[in-house]
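What's in structure12.txt: compact mmCIF, C-alpha atoms (C1' of nucleotides)
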```
# COMPACT_ATOMS: atom_id res chain seq x y z
CA MET T 1 152.84 121.11 195.71
CA TYR T 2 152.81 118.41 193.03
CA LYS T 3 152.82 119.10 189.32
CA LEU T 4 152.24 116.34 186.79
CA LEU T 5 154.38 117.18 183.78
CA LYS T 6 153.89 114.21 181.53
CA GLN T 7 152.47 110.70 181.51
CA GLU T 8 153.30 107.54 179.63
CA GLY T 9 150.70 104.90 180.39
CA CYS T 10 150.48 104.98 184.18
CA ALA T 11 154.07 106.23 184.54
CA ARG T 12 154.30 109.82 185.76
CA ARG T 13 156.91 112.50 185.18
CA GLY T 14 156.35 115.21 187.74
CA GLU T 15 157.82 117.63 190.20
CA PHE T 16 157.09 118.40 193.80
CA SER T 17 157.98 121.71 195.37
CA THR T 18 158.65 122.27 199.04
CA VAL T 19 160.24 124.92 201.25
CA HIS T 20 163.52 123.09 200.83
CA GLY T 21 163.44 122.94 197.06
CA THR T 22 161.78 121.11 194.20
CA VAL T 23 162.30 117.44 193.54
CA GLN T 24 162.10 116.05 190.04
CA LEU T 25 160.02 112.87 189.96
CA PRO T 26 160.33 109.93 189.83
CA ALA T 27 163.12 110.04 192.42
CA PHE T 28 165.02 107.78 194.73
CA MET T 29 165.61 109.00 198.28
CA ASN T 30 168.99 108.31 199.87
CA VAL T 31 168.71 106.72 203.29
CA ALA T 32 170.50 108.43 206.18
CA THR T 33 168.81 106.70 209.10
CA CYS T 34 170.72 108.42 211.89
CA GLY T 35 171.35 111.61 209.96
CA ALA T 36 174.23 110.14 208.01
CA ILE T 37 174.54 107.96 204.95
CA LYS T 38 176.22 104.80 206.23
CA GLY T 39 179.61 104.38 204.64
CA GLY T 40 180.91 107.82 205.49
CA LEU T 41 179.16 110.17 203.08
CA SER T 42 178.58 113.73 204.16
CA ALA T 43 175.94 116.19 203.00
CA TYR T 44 178.47 117.74 200.63
CA ASP T 45 179.09 114.32 199.04
CA LEU T 46 175.41 113.98 198.29
CA LYS T 47 175.51 116.85 195.82
CA ASN T 48 178.20 115.01 193.86
CA ILE T 49 176.10 111.89 193.54
CA HIS T 50 172.98 113.83 192.50
CA THR T 51 170.93 113.14 195.62
CA GLN T 52 167.62 114.99 195.68
CA ILE T 53 166.13 113.84 198.97
CA MET T 54 167.73 112.57 202.16
CA LEU T 55 165.69 110.25 204.36
CA SER T 56 166.18 110.04 208.10
CA ASN T 57 164.48 108.16 210.86
CA THR T 58 162.30 109.37 213.71
CA TYR T 59 162.93 106.42 215.96
CA HIS T 60 166.71 106.40 215.64
CA LEU T 61 167.13 110.15 216.06
CA HIS T 62 164.72 110.16 218.99
CA LEU T 63 166.98 107.68 220.79
CA ARG T 64 170.22 109.34 219.70
CA PRO T 65 171.02 112.19 219.97
CA GLY T 66 167.40 112.93 220.94
CA ASP T 67 164.98 115.04 218.92
CA LYS T 68 165.12 117.86 221.47
CA ILE T 69 168.86 118.08 220.97
CA VAL T 70 168.33 118.18 217.20
CA LYS T 71 165.82 120.99 217.67
CA GLN T 72 168.32 122.90 219.81
CA LEU T 73 170.83 122.50 216.99
CA GLY T 74 168.35 124.14 214.66
CA GLY T 75 166.84 121.00 213.16
CA LEU T 76 168.14 118.23 210.94
CA HIS T 77 169.08 120.56 208.09
CA LYS T 78 171.40 122.64 210.23
CA MET T 79 172.73 119.64 212.11
CA THR T 80 173.65 117.63 209.02
CA GLY T 81 174.49 120.46 206.66
CA TRP T 82 172.03 119.14 204.06
CA ASP T 83 169.93 122.01 202.76
CA GLY T 84 167.78 119.95 200.40
CA ILE T 85 164.59 118.06 201.06
CA ILE T 86 164.51 115.72 204.05
CA LEU T 87 161.85 113.10 204.58
CA THR T 88 161.59 111.46 207.99
CA ASP T 89 160.16 108.01 208.44
CA SER T 90 157.74 107.85 211.35
CA GLY T 91 159.14 104.98 213.39
CA GLY T 92 156.20 102.75 212.58
CA PHE T 93 158.34 100.35 210.61
CA GLN T 94 161.03 100.18 213.31
CA VAL T 95 158.41 99.09 215.81
CA PHE T 96 157.64 96.28 213.42
CA SER T 97 161.20 95.38 212.43
CA LEU T 98 163.33 96.05 215.51
CA ALA T 99 161.19 95.46 218.56
CA GLN T 100 160.60 91.82 219.37
CA LEU T 101 158.49 92.55 222.40
CA ARG T 102 155.99 95.18 221.45
CA ASN T 103 152.60 96.00 222.77
CA ILE T 104 150.31 97.66 220.26
CA LYS T 105 147.27 99.48 221.59
CA GLU T 106 144.93 102.10 220.22
CA GLU T 107 146.91 104.90 221.94
CA GLY T 108 150.22 103.75 220.49
CA VAL T 109 152.99 101.22 220.89
CA THR T 110 155.19 100.32 223.84
CA PHE T 111 158.46 98.62 223.02
CA ASN T 112 162.07 98.37 224.08
CA SER T 113 164.93 100.49 222.83
CA HIS T 114 167.45 98.49 220.80
CA ILE T 115 170.23 100.54 222.39
CA ASP T 116 169.69 100.11 226.11
CA GLY T 117 166.46 98.16 226.36
CA ARG T 118 164.53 100.89 228.12
CA LYS T 119 160.81 101.06 227.56
CA ILE T 120 159.61 103.52 224.94
CA PHE T 121 156.11 104.65 224.12
CA MET T 122 155.32 106.02 220.70
CA GLY T 123 151.96 106.93 219.30
CA PRO T 124 150.92 109.22 216.44
CA GLU T 125 151.29 112.39 218.52
CA GLU T 126 154.74 111.41 219.80
CA SER T 127 155.95 110.51 216.32
CA ILE T 128 154.79 113.82 214.87
CA GLN T 129 156.21 115.78 217.80
CA ILE T 130 159.58 114.16 217.21
CA GLN T 131 159.43 114.78 213.46
CA SER T 132 158.44 118.38 214.13
CA ASN T 133 161.49 118.77 216.36
CA LEU T 134 163.64 117.27 213.62
CA GLY T 135 162.17 119.85 211.26
CA SER T 136 162.07 117.59 208.22
CA THR T 137 160.46 118.76 204.99
CA ILE T 138 158.11 115.80 204.88
CA ALA T 139 156.94 113.77 207.85
CA MET T 140 155.46 110.32 207.51
CA ALA T 141 152.34 109.26 209.37
CA PHE T 142 152.76 106.83 212.23
CA ASP T 143 151.36 103.55 210.95
CA GLU T 144 151.34 99.87 211.77
CA CYS T 145 153.20 97.69 209.32
CA VAL T 146 151.80 94.18 209.65
CA ALA T 147 154.00 91.16 209.16
CA ASN T 148 153.60 88.90 206.19
CA PRO T 149 151.68 86.70 206.47
CA SER T 150 149.04 88.23 208.73
CA GLU T 151 145.45 87.08 209.05
CA TYR T 152 142.68 89.00 207.36
CA GLY T 153 140.93 89.90 210.59
CA TYR T 154 144.04 91.21 212.26
CA THR T 155 145.05 93.16 209.16
CA LYS T 156 141.59 94.73 208.89
CA ASN T 157 141.68 95.97 212.49
CA SER T 158 145.23 97.17 212.00
CA VAL T 159 144.18 99.22 208.98
CA ILE T 160 141.37 100.83 210.96
CA ARG T 161 143.89 101.73 213.67
CA THR T 162 146.33 103.10 211.09
CA THR T 163 143.58 105.35 209.71
CA ASN T 164 142.73 106.63 213.19
CA TRP T 165 146.40 107.26 213.82
CA LEU T 166 146.68 109.12 210.52
CA LYS T 167 143.92 111.53 211.52
CA ARG T 168 145.63 112.10 214.86
CA CYS T 169 148.95 112.73 213.05
CA GLN T 170 147.23 115.28 210.87
CA ALA T 171 145.69 117.10 213.82
CA GLU T 172 148.95 117.10 215.77
CA MET T 173 150.93 118.44 212.83
CA LYS T 174 148.40 121.21 212.25
CA ARG T 175 148.78 122.18 215.90
CA LEU T 176 152.58 122.05 215.90
CA ASN T 177 152.96 123.91 212.59
CA SER T 178 151.05 126.82 214.08
CA LEU T 179 153.36 127.19 217.09
CA GLU T 180 155.90 130.01 217.33
CA ASP T 181 159.08 128.02 217.80
CA THR T 182 158.43 125.22 215.32
CA VAL T 183 161.57 124.35 213.33
CA ASN T 184 159.73 123.96 210.05
CA PRO T 185 156.21 125.42 210.19
CA HIS T 186 155.67 124.28 206.58
CA GLN T 187 156.21 120.62 207.38
CA MET T 188 154.22 118.30 205.14
CA LEU T 189 152.53 115.03 205.99
CA PHE T 190 152.28 111.88 203.88
CA GLY T 191 149.73 109.19 204.69
CA ILE T 192 150.50 105.50 204.35
CA ASN T 193 148.34 102.88 202.72
CA GLN T 194 148.26 99.51 204.46
CA GLY T 195 146.20 96.34 204.18
CA GLY T 196 148.75 93.55 203.90
CA VAL T 197 148.24 91.42 200.80
CA TYR T 198 144.46 91.83 200.85
CA LYS T 199 143.41 93.85 197.83
CA ASP T 200 140.00 94.86 199.16
CA LEU T 201 141.55 96.20 202.39
CA ARG T 202 144.23 98.00 200.38
CA VAL T 203 141.74 99.65 198.02
CA ASP T 204 139.24 100.61 200.74
CA HIS T 205 142.04 102.10 202.79
CA MET T 206 143.43 104.10 199.90
CA LYS T 207 139.97 105.48 199.09
CA GLU T 208 139.54 106.47 202.71
CA ILE T 209 142.86 108.28 203.14
CA ALA T 210 142.59 109.88 199.69
CA GLU T 211 139.86 112.07 201.14
CA LEU T 212 142.06 113.42 203.90
CA GLU T 213 143.90 115.97 201.72
CA LEU T 214 147.39 114.85 202.65
CA ASP T 215 150.51 116.20 200.96
CA GLY T 216 151.42 112.80 199.56
CA TYR T 217 150.51 109.14 199.66
CA ALA T 218 152.73 106.22 200.45
CA VAL T 219 152.20 102.53 199.96
CA GLY T 220 153.69 100.76 202.95
CA GLY T 221 153.91 97.21 204.21
CA LEU T 222 155.23 95.80 200.95
CA ALA T 223 158.48 93.99 200.21
CA VAL T 224 158.21 92.33 203.61
CA GLY T 225 158.43 88.77 202.38
CA GLU T 226 155.61 88.47 199.87
CA PRO T 227 156.49 87.47 196.28
CA THR T 228 157.43 90.44 194.09
CA GLU T 229 154.53 89.69 191.75
CA VAL T 230 152.10 90.12 194.64
CA MET T 231 153.58 93.53 195.33
CA TYR T 232 153.10 94.55 191.68
CA GLU T 233 149.51 93.31 191.69
CA ILE T 234 148.73 95.33 194.81
CA LEU T 235 150.18 98.45 193.18
CA ASP T 236 148.04 97.79 190.09
CA GLU T 237 144.94 97.60 192.28
CA VAL T 238 145.63 100.45 194.68
CA LEU T 239 147.26 103.24 192.67
CA PRO T 240 144.18 104.07 190.56
CA PHE T 241 142.61 105.26 193.82
CA ALA T 242 145.51 107.46 194.90
CA PRO T 243 144.94 111.19 194.26
CA ILE T 244 146.38 112.11 190.87
CA ASP T 245 147.63 115.49 192.09
CA LYS T 246 149.82 114.17 194.94
CA PRO T 247 153.12 112.30 194.93
CA ARG T 248 153.04 108.54 195.52
CA TYR T 249 155.78 106.90 197.49
CA LEU T 250 156.52 103.17 197.59
CA MET T 251 158.22 102.66 200.94
CA GLY T 252 161.38 100.62 201.31
CA VAL T 253 161.57 99.50 197.69
CA GLY T 254 163.67 98.21 196.13
CA THR T 255 165.85 96.60 193.50
CA PRO T 256 166.52 98.54 190.29
CA VAL T 257 163.90 96.44 188.52
CA ASN T 258 161.38 97.03 191.35
CA ILE T 259 161.85 100.73 190.62
CA LEU T 260 161.31 100.28 186.88
CA GLU T 261 158.14 98.31 187.65
CA GLY T 262 156.97 100.79 190.28
CA VAL T 263 157.37 103.73 187.92
CA MET T 264 155.49 101.77 185.25
CA ARG T 265 152.56 101.59 187.69
CA GLY T 266 152.62 105.24 188.71
CA ILE T 267 155.00 105.48 191.68
CA ASP T 268 156.94 108.75 192.07
CA LEU T 269 159.17 108.15 195.07
CA PHE T 270 161.26 105.30 196.39
CA ASP T 271 163.68 104.66 199.19
CA CYS T 272 165.65 101.58 200.04
CA VAL T 273 168.63 100.54 202.12
CA MET T 274 169.66 98.07 199.45
CA PRO T 275 172.14 100.21 197.51
CA SER T 276 174.00 101.30 200.63
CA ARG T 277 173.78 98.09 202.64
CA ASN T 278 174.72 95.89 199.71
CA ALA T 279 177.56 98.22 198.84
CA ARG T 280 179.07 97.70 202.28
CA HIS T 281 179.04 93.97 201.58
CA GLY T 282 180.54 94.33 198.12
CA HIS T 283 177.43 94.00 195.96
CA LEU T 284 177.60 96.71 193.34
CA PHE T 285 175.02 97.70 190.75
CA THR T 286 176.02 98.26 187.14
CA TRP T 287 174.16 98.85 183.89
CA SER T 288 175.02 95.27 182.95
CA GLY T 289 173.83 93.69 186.20
CA ILE T 290 175.05 93.12 189.74
CA ILE T 291 178.62 92.24 190.62
CA ASN T 292 180.15 91.03 193.88
CA ILE T 293 183.39 92.96 194.00
CA ASN T 294 184.74 90.54 196.62
CA ASN T 295 184.92 87.76 194.06
CA ALA T 296 188.44 86.54 193.39
CA LYS T 297 188.08 87.26 189.68
CA TYR T 298 188.34 91.00 190.37
CA GLU T 299 191.66 90.75 192.19
CA THR T 300 193.63 92.16 189.26
CA ASP T 301 190.78 93.85 187.35
CA ASP T 302 191.93 97.38 186.59
CA SER T 303 188.70 98.50 184.95
CA PRO T 304 186.17 100.72 186.76
CA ILE T 305 183.19 99.18 188.59
CA ASP T 306 181.03 100.02 185.58
CA SER T 307 182.58 101.29 182.37
CA GLU T 308 179.21 102.89 181.48
CA CYS T 309 179.08 104.80 184.77
CA ASP T 310 180.14 108.44 185.12
CA CYS T 311 180.14 108.57 188.92
CA PRO T 312 183.15 110.02 190.79
CA VAL T 313 184.28 106.54 191.86
CA CYS T 314 184.24 105.07 188.38
CA GLN T 315 186.18 108.10 187.10
CA HIS T 316 189.09 107.50 189.47
CA HIS T 317 189.22 103.96 190.80
CA THR T 318 189.49 100.35 189.69
CA ARG T 319 187.64 97.20 190.71
CA ALA T 320 190.89 95.71 192.01
CA TYR T 321 191.48 98.69 194.32
CA ILE T 322 187.94 98.72 195.71
CA ARG T 323 188.06 94.94 196.22
CA HIS T 324 191.33 95.34 198.11
CA LEU T 325 189.89 98.12 200.30
CA LEU T 326 186.81 96.10 201.20
CA LYS T 327 188.88 92.99 201.91
CA ALA T 328 191.23 95.02 204.08
CA LYS T 329 188.21 96.60 205.80
CA GLU T 330 189.46 100.05 204.98
CA MET T 331 186.69 102.62 205.53
CA LEU T 332 187.38 104.09 202.13
CA GLY T 333 186.21 100.84 200.54
CA MET T 334 182.72 101.22 201.95
CA ARG T 335 182.61 104.89 201.16
CA LEU T 336 183.50 104.34 197.51
CA ALA T 337 181.16 101.36 197.16
CA VAL T 338 178.25 103.25 198.72
CA MET T 339 178.93 106.32 196.61
CA HIS T 340 178.84 104.27 193.45
CA ASN T 341 175.64 102.39 194.33
CA LEU T 342 173.75 105.50 195.40
CA TYR T 343 174.90 107.30 192.29
CA PHE T 344 173.66 104.35 190.27
CA TYR T 345 170.20 104.56 191.85
CA ASN T 346 170.07 108.33 191.44
CA LYS T 347 171.20 108.00 187.84
CA LEU T 348 168.62 105.28 187.24
CA THR T 349 165.80 107.65 188.20
CA GLU T 350 167.50 110.40 186.20
CA MET T 351 167.39 108.14 183.13
CA ILE T 352 163.78 107.24 183.89
CA ARG T 353 162.88 110.95 183.96
CA TYR T 354 164.76 111.58 180.74
CA HIS T 355 162.91 108.80 178.94
CA LEU T 356 159.55 109.93 180.34
CA ASP T 357 160.33 113.40 179.00
CA GLN T 358 161.16 111.89 175.62
CA GLY T 359 158.16 109.55 175.64
CA THR T 360 160.46 106.53 175.41
CA TYR T 361 160.12 105.09 178.91
CA THR T 362 158.49 101.86 177.78
CA ASP T 363 161.47 101.06 175.56
CA PHE T 364 163.89 101.91 178.36
CA TYR T 365 161.94 99.69 180.73
CA LYS T 366 161.94 96.77 178.28
CA LYS T 367 165.66 97.13 177.67
CA TYR T 368 166.67 96.98 181.33
CA ARG T 369 164.03 94.95 183.22
CA ASP T 370 165.81 91.67 182.46
CA ILE T 371 169.31 92.99 183.05
CA LEU T 372 169.61 95.17 186.14
CA ASP T 373 168.74 92.61 188.85
CA LYS T 374 170.85 89.82 187.38
CA ARG T 375 174.14 88.69 188.86
CA ILE T 376 177.02 88.74 186.42
C1' G C 1 225.27 70.88 228.52
C1' U C 2 220.91 69.49 231.97
C1' G C 3 215.67 69.55 233.00
C1' G C 4 210.68 70.79 231.44
C1' G C 5 207.10 72.09 227.57
C1' A C 6 205.54 72.44 222.54
C1' U C 7 204.90 70.62 217.19
C1' U C 8 197.12 69.23 214.61
C1' A C 9 194.17 73.29 207.64
C1' G C 10 197.48 79.54 205.36
C1' C C 11 197.56 81.54 210.79
C1' G C 12 196.04 80.87 216.09
C1' U C 13 194.18 76.88 218.88
C1' A C 14 190.80 72.51 220.89
C1' G C 15 190.83 67.38 221.02
C1' U C 16 195.27 63.02 224.10
C1' C C 17 193.06 57.71 230.70
C1' G C 18 193.73 54.53 222.37
C1' G C 19 187.91 53.45 219.20
C1' U C 20 183.25 55.51 213.75
C1' U C 21 183.57 61.07 208.34
C1' A C 22 189.86 65.17 213.74
C1' A C 23 186.65 70.39 216.15
C1' C C 24 186.72 75.94 216.63
C1' G C 25 188.12 81.09 215.44
C1' C C 26 190.50 84.13 211.76
C1' G C 27 191.74 83.97 206.67
C1' C C 28 190.20 81.95 201.79
C1' C C 29 185.95 80.72 198.19
C1' A C 30 180.78 81.53 197.10
C1' G C 31 175.75 83.01 198.14
C1' U C 32 171.96 86.17 200.79
C1' U C 33 170.59 91.28 202.03
C1' U C 34 163.96 95.72 200.02
C1' G C 35 160.35 102.41 205.29
C1' U C 36 169.21 99.81 207.88
C1' G C 37 169.99 97.15 215.47
C1' G C 38 177.54 99.60 211.23
C1' C C 39 180.38 96.21 209.14
C1' A C 40 175.80 90.95 209.35
C1' C C 41 173.85 86.16 207.98
C1' U C 42 174.13 81.20 205.27
C1' G C 43 176.94 77.69 202.89
C1' G C 44 181.75 75.60 200.97
C1' A C 45 186.92 74.22 200.18
C1' G C 46 191.18 73.16 202.91
C1' A C 47 194.85 68.49 207.58
C1' C C 48 197.90 61.35 205.28
C1' C C 49 197.53 65.44 213.36
C1' A C 50 206.55 67.54 212.64
C1' C C 51 209.44 63.18 210.86
C1' C C 52 211.10 57.79 211.39
C1' G C 53 210.14 53.35 213.76
C1' G C 54 207.49 50.37 217.54
C1' U C 55 203.16 48.45 220.72
C1' U C 56 197.92 47.26 219.38
C1' C C 57 192.32 44.38 216.15
C1' G C 58 192.75 49.80 216.12
C1' A C 59 197.40 55.51 217.35
C1' A C 60 196.69 62.81 216.68
C1' U C 61 196.37 60.15 221.51
C1' C C 62 200.93 55.03 224.33
C1' C C 63 206.59 53.85 223.77
C1' G C 64 211.62 54.85 221.51
C1' G C 65 214.46 57.87 218.36
C1' U C 66 215.27 62.34 215.12
C1' A C 67 214.39 67.51 213.96
C1' U C 68 212.77 72.43 215.09
C1' C C 69 211.04 76.03 218.62
C1' C C 70 210.10 77.99 223.72
C1' C C 71 211.20 78.31 229.06
C1' A C 72 214.28 77.44 233.33
C1' C C 73 218.99 76.14 235.28
C1' C C 74 224.39 75.40 234.59
```
Kindly present the structure from the file in structure tokens form.
Amino acid sequence: MYKLLKQEGCARRGEFSTVHGTVQLPAFMNVATCGAIKGGLSAYDLKNIHTQIMLSNTYHLHLRPGDKIVKQLGGLHKMTGWDGIILTDSGGFQVFSLAQLRNIKEEGVTFNSHIDGRKIFMGPEESIQIQSNLGSTIAMAFDECVANPSEYGYTKNSVIRTTNWLKRCQAEMKRLNSLEDTVNPHQMLFGINQGGVYKDLRVDHMKEIAELELDGYAVGGLAVGEPTEVMYEILDEVLPFAPIDKPRYLMGVGTPVNILEGVMRGIDLFDCVMPSRNARHGHLFTWSGIININNAKYETDDSPIDSECDCPVCQHHTRAYIRHLLKAKEMLGMRLAVMHNLYFYNKLTEMIRYHLDQGTYTDFYKKYRDILDKRI
RNA sequence: GUGGGAUUAGCGUAGUCGGUUAACGCGCCAGUUUGUGGCACUGGAGACCACCGGUUCGAAUCCGGUAUCCCACC
């Protein structure tokens, strides 16, 4: 259930309540693809870095350990020890990003497992069945994410298929939620807007799915190679047609500035692997810009990663130490780097919420849009 | 003491029937990462080829000597 608390221009301050708690919006979801934040963070660490939502993946958990195993273990919440909100991605994107040889038909997609190469079939029903077994709070619809660039004709047909799939997802979830032994009978479903870079397809699709009474609406298929400006333009065009009383989720995005821009246009939810992946490679976010902790200049730097940051890592450790750990490939290095970056993203949305509450978001946005994505 | 082998970038190695800017891995330096195939990818710097002398138009490569190391035998 979404509640719009305050608006500043198109930017929305809201909250969304679920059986697993209420999330304050805008929010950034922390990505735990296989049921774990890469870099060695446990569910109990997530509380310390102010995580509101954990995101896991249908495709990965279906392959390993298997969604039926997860169901036997009582669902993802029990298995991971995370009692907050969990959103599961549908596997649609993995078909697009991982499988080289894939065969997309109206029924679904056949492709090869990245683990052992065996053939896998996934359609809307399969994706929802898996997500139901995982027992996530929010399930994502099974969609087709088209590559960029893709031709207009192909994209148009793909969007039609994605809409058909969405209706099938909805029907399957309704059926599964009514069964006796369903892990989470209150599971919610978000639809996904597609249409490549074609504004008319995007808008028509959003209008169409807006009528389906979904629990939330995502914009997918962006940040896949198109210029950032194009992404912003699409958001400007599409979001006016998203239901005002439902959360809006921009999938897979993005940099800190992408988030500032997304919020400015009315996005409520984000997720991205960037803070955790980049952390593992030494790229750390600070309120003054991005640093590469591997750089030689930090070898004897005994200041924290970010002197303005109040995360657990910056309270206790120095740049020199974290650089050393990453260079020495000590696991702790990744853990600390990931903790800091995720905290930074969570804090960024916390600050965004604060300024929306105060009615000062525009000033906040102007202050940081030219700083946060810059290398220093 | 005798015989054999080795010596090429910080480290480990390739290259040696003589022929243009000496190759590779690790390390180092820097960059890239957007619904994560778990530690990736792309660049860059760095070597008078142990030393001394010789043969040759030309030597990391052939010859002689010196040094250091390894192995075997006495």
Using all atoms listed in the file and a cut-off of 10 Å, which residues of chain C sit close to chain T? Please list them as a PDB file with C-alpha atoms (C1' of nucleotides), in the frame of the given file.
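Final output, selection.pdb:
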```pdb
ATOM      1  C1'   C C  28     190.200  81.950 201.790  1.00  0.00           C
ATOM      2  C1'   C C  29     185.950  80.720 198.190  1.00  0.00           C
ATOM      3  C1'   A C  30     180.780  81.530 197.100  1.00  0.00           C
ATOM      4  C1'   U C  33     170.590  91.280 202.030  1.00  0.00           C
ATOM      5  C1'   U C  34     163.960  95.720 200.020  1.00  0.00           C
ATOM      6  C1'   G C  35     160.350 102.410 205.290  1.00  0.00           C
ATOM      7  C1'   U C  36     169.210  99.810 207.880  1.00  0.00           C
ATOM      8  C1'   G C  37     169.990  97.150 215.470  1.00  0.00           C
ATOM      9  C1'   G C  38     177.540  99.600 211.230  1.00  0.00           C
ATOM     10  C1'   C C  39     180.380  96.210 209.140  1.00  0.00           C
ATOM     11  C1'   A C  40     175.800  90.950 209.350  1.00  0.00           C
TER      12        A C  40
END
```
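The interatomic distance for the pair atom CA of T:Lys3 and atom CA of T:Glu15 works out to 5.3 Å.
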Item to check | All residues 12 Å or closer to C:U68, all atoms listed in the file, same chain fewer than 5 positions away omitted, as a PyMOL selection string | outcome: chain C and resi 6-7+50-51
Quick one: axis-aligned box around all listed atoms of stretch 36-51 of chain T, 8 Å on every side, centre and edge lengths in Å to one decimal, written as lines of an AutoDock Vina configuration file.
```
center_x = 175.9
center_y = 111.1
center_z = 200.3
size_x = 26.0
size_y = 29.4
size_z = 31.5
```
Selection: 8 Å around T:Leu336, only C-alpha atoms (C1' of nucleotides), excl. self and same-chain fewer than 4 positions, as a PDB file with C-alpha atoms, in the coordinates of the input:
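Output file out-v1.pdb is given in full below:
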```pdb
ATOM      1  CA  VAL T 313     184.280 106.540 191.860  1.00  0.00           C
ATOM      2  CA  ILE T 322     187.940  98.720 195.710  1.00  0.00           C
ATOM      3  CA  LEU T 332     187.380 104.090 202.130  1.00  0.00           C
ATOM      4  CA  HIS T 340     178.840 104.270 193.450  1.00  0.00           C
TER       5      HIS T 340
END
```
Checklist entry - Between T:Cys169, T:Val70, T:Ile37, T:Val159, which has the minimum distance to T:Glu126 (counting all atoms listed in the file)? => result T:Cys169
